[in-house]
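Colleague: Handing you this structure, nothing more for now.
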Amino acid sequence: MARQRKTPKQARKAKQQKKLSNPKDSNLLIRNHPKELLPGPRKRGRNKGQLAFRNHVTSGQATIVKTDLDLDQYRHREYNLKKEPKPSNDASVLKSVKPTTRWTHFVDKHGIHFASVVLPPEADEFHQSLNTVRSMMRQLPRKAGAPTEEIRGGHFHTWHLMMSGQDQAHMDGPYWNAKFMQNPQMQDFLDTEALKNIQAYCNRQFYECFPDHASFYQYVGDSSEFKPYGAFKYGPCFPSLALNEEVSAISAPHRDRRDYLQGLAGVMSIGSYKHTTLNMQEANISVEFPAGALAFFPSHVVHHYNTNVAEGETRGSMTMFMSSDVVKWAGLGGKAGSKTKEEKEAYKRLCIDNWNLFKHIKDKIS
Ligand SMILES: O=C(O)CCC(=O)C(=O)O
């Protein structure tokens with residue numbers, strides 16, 4: 001009997017499956033790593049971040065916006081939200097917010113702080129660094145990235161500098177995606193002074209907006225699984241960075257279901273454009289998102305997307321995040337499948353406890 005030809009989609013899936021079940025050892029970050037169950041977030045840096053947050057709120061440099069999000073709806077979930085139909089990309093039905101202060105903090109219906117948008121600082125050094133990063137991004141070798149996936153809107157390239165530890169990849173430990181590992185130009189880009197300035201800025205803002213999350217992220221990065229290997233390339237908080245090419249990179253509605261459920265992603269918007277928005281469906285808001293602004297939000301919880309920039313304008317973004325698997329590797333120190341029931345239970349409890357990283361705004365400023 002003649003074999004049926006695979007559709008292009010089936011062929012792509014088969015290739016991907018093959019790749020996943022034949023991991024290259026050289027992509028492994030660490031082998032024979034010690035087991036270490038995470039006890040919880042560290043205090044390091046958190047107090048300083050808390051103080052900075054309180055200062056900018058009480059000195060009138062921040063606006064607090066109440067939204068329709070209800071975080072309580074998600075608190076019983078440990079790792080994943082169920083797949084739901086994607087919302088439409090009609091942002092005109094959402095409540096529009098235009099940041100007028102340097103910081104805008106968004107709270108859910110119970111007052112829990114879950115997202116922030118930070119307008120770019122005036123400092124020349126920041127803008128010079130960002131422009132250098134933008135021009136270097138244009139030179140990045142295309143072979144070190146991939147065309148955008150379906151979930152994202154336009155036709156653009158994404159460089160996924162991603163550390164992961166997906167169990168379905170049958171890896172014995174955390175690993176880098178191969179394209180990134182093997183590309184020296186990408187390594188040079190990450191070592192450039194300008195990128196380091198932007199990286200430090202993003203991590204500092206993370207501490208100053210979400211000190212509890214930031215200290216937990218840094219704690220994961222400081223664990224013996226990752227620290228000796230300099231694994232958190234966009235650290236100290238973020239292990240992974242996706243560079244969305246500056247052409248017309250606009251996200252279609254999606255949830256990042258591999259991001260740590262109780263965590264936050266950061267997105268810095270870049271480009272030459274007059275207007276786009278970051279839209280958060282479950283919060284029912286559409287926030288003006290100018291070039292150079294930085295947003296933190298729960299990327300696994302809320303469906304998010306952008307509105308188009310005008311014809312002839314350019315737009316890209318730098319998305320920083322931590323996959324669930326990264327926390328899992330540090331929490332379980334190896335394959336989840338080979339763990340005892342107690343270890344698995346302890347990890348589940350850690351995840352549920354980590355919903356408490358989201359704090360009430362009153363507690364953050366008192
Ligand atoms: O570019 C943006 O504003 C959003 C980026 C994003 O959602 C992503 O990279 O997953």
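Chain identifiers are assigned as A, B, and so on, following the order in which chains appear in the structure tokens; residues are numbered from 1 within each chain, and ligands are numbered from 1 in order of appearance.
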Residues up to 8 Å from ligand 1, counting only C-alpha atoms and all ligand atoms: could you list those as a list in words?
Modeller: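 Sorted by chain and then by number, the residues are Arg152, Ala242, Leu243, Asn244, Ala249, Ile250, Ser251, Ala252, His254, Arg255, Asp256, Val267, Met268, Ser269, Thr277, Leu278, Phe289, Ser299, His304, Tyr305, Asn306, Gly316, Ser317, Met318 and Thr319 of chain A.
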Colleague: I want to know what sits within 10 Å of segment 126-129 of chain A, based on only C-alpha atoms, with residues of the same chain fewer than 2 positions away left out; could you give that as a PyMOL selection string?
Modeller: chain A and resi 120-124+131-134+192-198+201+292
Colleague: Select, from A:His303, A:His160, A:His155, A:Lys339, the residue with the minimum atom-to-atom distance to Arg315 of chain A, counting only C-alpha atoms.
Modeller: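 Among the listed residues, the smallest separation from Arg315 of chain A belongs to A:His155.
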Colleague: Could you build a table of the residues in segment 244-337 of chain A lying no more than 10 Å from segment 211-220 of chain A, giving for each the nearest pair of atoms and their separation in Å rounded to one decimal place, using only C-alpha atoms, ordered by chain and ascending residue number, as a Markdown table?
Modeller:
| residue | atom | partner | partner_atom | distance |
| --- | --- | --- | --- | --- |
| A:Gln262 | CA | A:His213 | CA | 8.9 |
| A:Gly263 | CA | A:His213 | CA | 6.9 |
| A:Leu264 | CA | A:His213 | CA | 7.6 |
| A:Phe321 | CA | A:Tyr217 | CA | 9.7 |
| A:Met322 | CA | A:Tyr217 | CA | 8.0 |
| A:Val326 | CA | A:Val220 | CA | 8.0 |
| A:Val327 | CA | A:Val220 | CA | 6.5 |
| A:Lys328 | CA | A:Val220 | CA | 9.6 |
| A:Trp329 | CA | A:Val220 | CA | 9.3 |
| A:Ala330 | CA | A:Val220 | CA | 6.4 |
| A:Gly331 | CA | A:Val220 | CA | 8.4 |
Colleague: Next, write the just-selected residues to a file, as a PDB file, in the first residue's frame, keeping C-alpha atoms as the atom set.
Modeller:
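Writing the result to result19.pdb gives the following:
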ATOM      1  CA  GLN A 262       3.347  32.192  39.156  1.00  0.00           C
ATOM      2  CA  GLY A 263       5.969  34.357  37.462  1.00  0.00           C
ATOM      3  CA  LEU A 264       6.260  37.461  35.319  1.00  0.00           C
ATOM      4  CA  PHE A 321      11.290  35.280  30.935  1.00  0.00           C
ATOM      5  CA  MET A 322      11.784  32.113  32.949  1.00  0.00           C
ATOM      6  CA  VAL A 326      13.915  26.099  34.872  1.00  0.00           C
ATOM      7  CA  VAL A 327      12.256  26.297  38.299  1.00  0.00           C
ATOM      8  CA  LYS A 328      11.477  22.614  38.102  1.00  0.00           C
ATOM      9  CA  TRP A 329      15.096  21.698  37.462  1.00  0.00           C
ATOM     10  CA  ALA A 330      16.272  23.717  40.415  1.00  0.00           C
ATOM     11  CA  GLY A 331      13.412  22.427  42.569  1.00  0.00           C
TER      12      GLY A 331
END
Colleague: Considering only C-alpha atoms, return as a list in words whatever protein or nucleic-acid residues lie within 8 Å of Leu261 of chain A, sequence-local ones (same chain, fewer than 6 positions apart) excluded.
Modeller: Glu78, Tyr79, Asn80, Leu81, Pro298, His300, Val301 and Ser324 of chain A
Colleague: Looking only at the backbone, which of the residues in segment 73-204 of chain A does DSSP tag as strand (DSSP E or B), as a list in words?
Modeller: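 Reading the DSSP output for segment 73-204 of chain A, strand (DSSP E or B) covers Lys95, Ser96, Val97, Trp103, Thr104, His105, Phe106, Val107, Ile112, His113, Phe114, Ala115, Ser116, Val117, Val118, Ala146, Pro147, Arg152, His157, Thr158, Trp159, His160, Leu161, Met163, Ser164, Tyr175 and Trp176 of chain A.
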Colleague: Provide the atom CA of Leu69 of chain A to atom CA of Gln205 of chain A distance in Å, to one decimal place.
Modeller: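 Pair atom CA of Leu69 of chain A / atom CA of Gln205 of chain A returns 22.8 Å.
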Colleague: Given only C-alpha atoms, how would the per-residue table for segment 55-110 of chain A near segment 114-117 of chain A read, listing every residue at most 10 Å away with its closest atom pair and distance in Å to one decimal, sorted by chain and number, as a Markdown table?
Modeller:
| residue | atom | partner | partner_atom | distance |
| --- | --- | --- | --- | --- |
| A:Ala62 | CA | A:Ser116 | CA | 9.8 |
| A:Thr63 | CA | A:Ser116 | CA | 9.8 |
| A:Ile64 | CA | A:Ser116 | CA | 9.2 |
| A:Val65 | CA | A:Ser116 | CA | 9.6 |
| A:Thr67 | CA | A:Phe114 | CA | 9.9 |
| A:Leu69 | CA | A:Phe114 | CA | 9.0 |
| A:Leu71 | CA | A:Phe114 | CA | 8.5 |
| A:Pro99 | CA | A:Val117 | CA | 7.8 |
| A:Thr101 | CA | A:Val117 | CA | 9.7 |
| A:Arg102 | CA | A:Val117 | CA | 8.2 |
| A:Trp103 | CA | A:Val117 | CA | 5.9 |
| A:Thr104 | CA | A:Val117 | CA | 5.2 |
| A:His105 | CA | A:Ser116 | CA | 4.4 |
| A:Phe106 | CA | A:Ala115 | CA | 5.1 |
| A:Val107 | CA | A:Phe114 | CA | 5.7 |
| A:Asp108 | CA | A:Phe114 | CA | 6.9 |
Colleague: How would the residues just chosen look if you wrote them out with N, CA and C atoms as an mmCIF file, in the first residue's frame?
Modeller:
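The resulting file, out-v6.cif, is shown below:
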data_model
loop_
_atom_site.group_PDB
_atom_site.id
_atom_site.type_symbol
_atom_site.label_atom_id
_atom_site.label_comp_id
_atom_site.auth_asym_id
_atom_site.auth_seq_id
_atom_site.Cartn_x
_atom_site.Cartn_y
_atom_site.Cartn_z
ATOM 1 N N ALA A 62 4.361 57.454 40.426
ATOM 2 C CA ALA A 62 3.673 56.247 39.953
ATOM 3 C C ALA A 62 2.160 56.429 40.014
ATOM 4 N N THR A 63 1.479 55.753 39.093
ATOM 5 C CA THR A 63 0.010 55.753 39.089
ATOM 6 C C THR A 63 -0.435 54.313 39.317
ATOM 7 N N ILE A 64 -1.474 54.156 40.111
ATOM 8 C CA ILE A 64 -2.016 52.805 40.340
ATOM 9 C C ILE A 64 -3.323 52.692 39.558
ATOM 10 N N VAL A 65 -3.445 51.642 38.752
ATOM 11 C CA VAL A 65 -4.664 51.457 37.950
ATOM 12 C C VAL A 65 -5.337 50.150 38.360
ATOM 13 N N THR A 67 -7.878 47.091 37.744
ATOM 14 C CA THR A 67 -8.348 46.399 36.531
ATOM 15 C C THR A 67 -9.369 45.310 36.896
ATOM 16 N N LEU A 69 -8.934 42.076 36.334
ATOM 17 C CA LEU A 69 -8.327 40.748 36.553
ATOM 18 C C LEU A 69 -8.690 40.225 37.948
ATOM 19 N N LEU A 71 -7.002 37.444 40.157
ATOM 20 C CA LEU A 71 -5.939 36.432 40.281
ATOM 21 C C LEU A 71 -6.400 35.208 41.069
ATOM 22 N N PRO A 99 -0.025 55.825 30.088
ATOM 23 C CA PRO A 99 0.810 56.156 31.252
ATOM 24 C C PRO A 99 1.214 57.636 31.249
ATOM 25 N N THR A 101 2.800 58.873 34.273
ATOM 26 C CA THR A 101 3.905 58.956 35.223
ATOM 27 C C THR A 101 4.939 57.910 34.810
ATOM 28 N N ARG A 102 6.123 58.040 35.353
ATOM 29 C CA ARG A 102 7.197 57.114 34.945
ATOM 30 C C ARG A 102 6.768 55.653 35.142
ATOM 31 N N TRP A 103 6.125 55.378 36.267
ATOM 32 C CA TRP A 103 5.666 54.006 36.549
ATOM 33 C C TRP A 103 4.141 53.954 36.562
ATOM 34 N N THR A 104 3.564 52.926 35.942
ATOM 35 C CA THR A 104 2.132 52.669 36.100
ATOM 36 C C THR A 104 2.008 51.235 36.609
ATOM 37 N N HIS A 105 1.363 51.093 37.754
ATOM 38 C CA HIS A 105 1.221 49.757 38.347
ATOM 39 C C HIS A 105 -0.233 49.311 38.260
ATOM 40 N N PHE A 106 -0.439 48.106 37.800
ATOM 41 C CA PHE A 106 -1.792 47.589 37.620
ATOM 42 C C PHE A 106 -2.111 46.596 38.726
ATOM 43 N N VAL A 107 -3.317 46.740 39.293
ATOM 44 C CA VAL A 107 -3.729 45.825 40.358
ATOM 45 C C VAL A 107 -4.993 45.094 39.923
ATOM 46 N N ASP A 108 -5.213 43.904 40.496
ATOM 47 C CA ASP A 108 -6.425 43.158 40.134
ATOM 48 C C ASP A 108 -7.611 43.668 40.963
#
Colleague: Counting only C-alpha atoms, which residue out of A:Gly45, A:Gly271, A:Pro141, A:Pro174 sits closest to Cys237 of chain A?
Modeller: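 Smallest separation from Cys237 of chain A among the options: A:Gly45.
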Colleague: Which distance in Å separates atom CA of Leu140 of chain A and atom CA of Ala11 of chain A, to one decimal?
Modeller: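 Rounded to one decimal, the two atoms are 28.0 Å apart.
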Colleague: Would you please extract all helix (DSSP H, G or I) residues from segment 83-315 of chain A, as assigned by DSSP on the backbone, and give them as an MDAnalysis selection string?
Modeller: chainID A and resid 91:93 124:139 142:144 167:169 178:181 184:191 193:209 211:222 227:229
Colleague: Which residue, A:His110, A:His157, A:Arg46, A:Arg77, has the smallest gap to Tyr260 of chain A when you use only C-alpha atoms?
Modeller: A:Arg77
Colleague: Can you work out which one of A:Ile361, A:Ala291, A:Met320, A:Met137 has the shortest atom-to-atom distance to Pro236 of chain A, counting only C-alpha atoms?
Modeller: A:Met320
Colleague: Rank nothing, just name the residue among A:Asp191, A:Glu125, A:Glu343, A:Glu288 nearest to Asn308 of chain A, using only C-alpha atoms.
Modeller: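 With only C-alpha atoms as the atom set, the closest residue is A:Glu288.
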Colleague: Quick one: of A:Met136, A:Cys209, A:Leu241, A:Met163, who's nearest to Phe189 of chain A, counting only C-alpha atoms?
Modeller: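 Using only C-alpha atoms, the shortest distance to Phe189 of chain A belongs to A:Met136.
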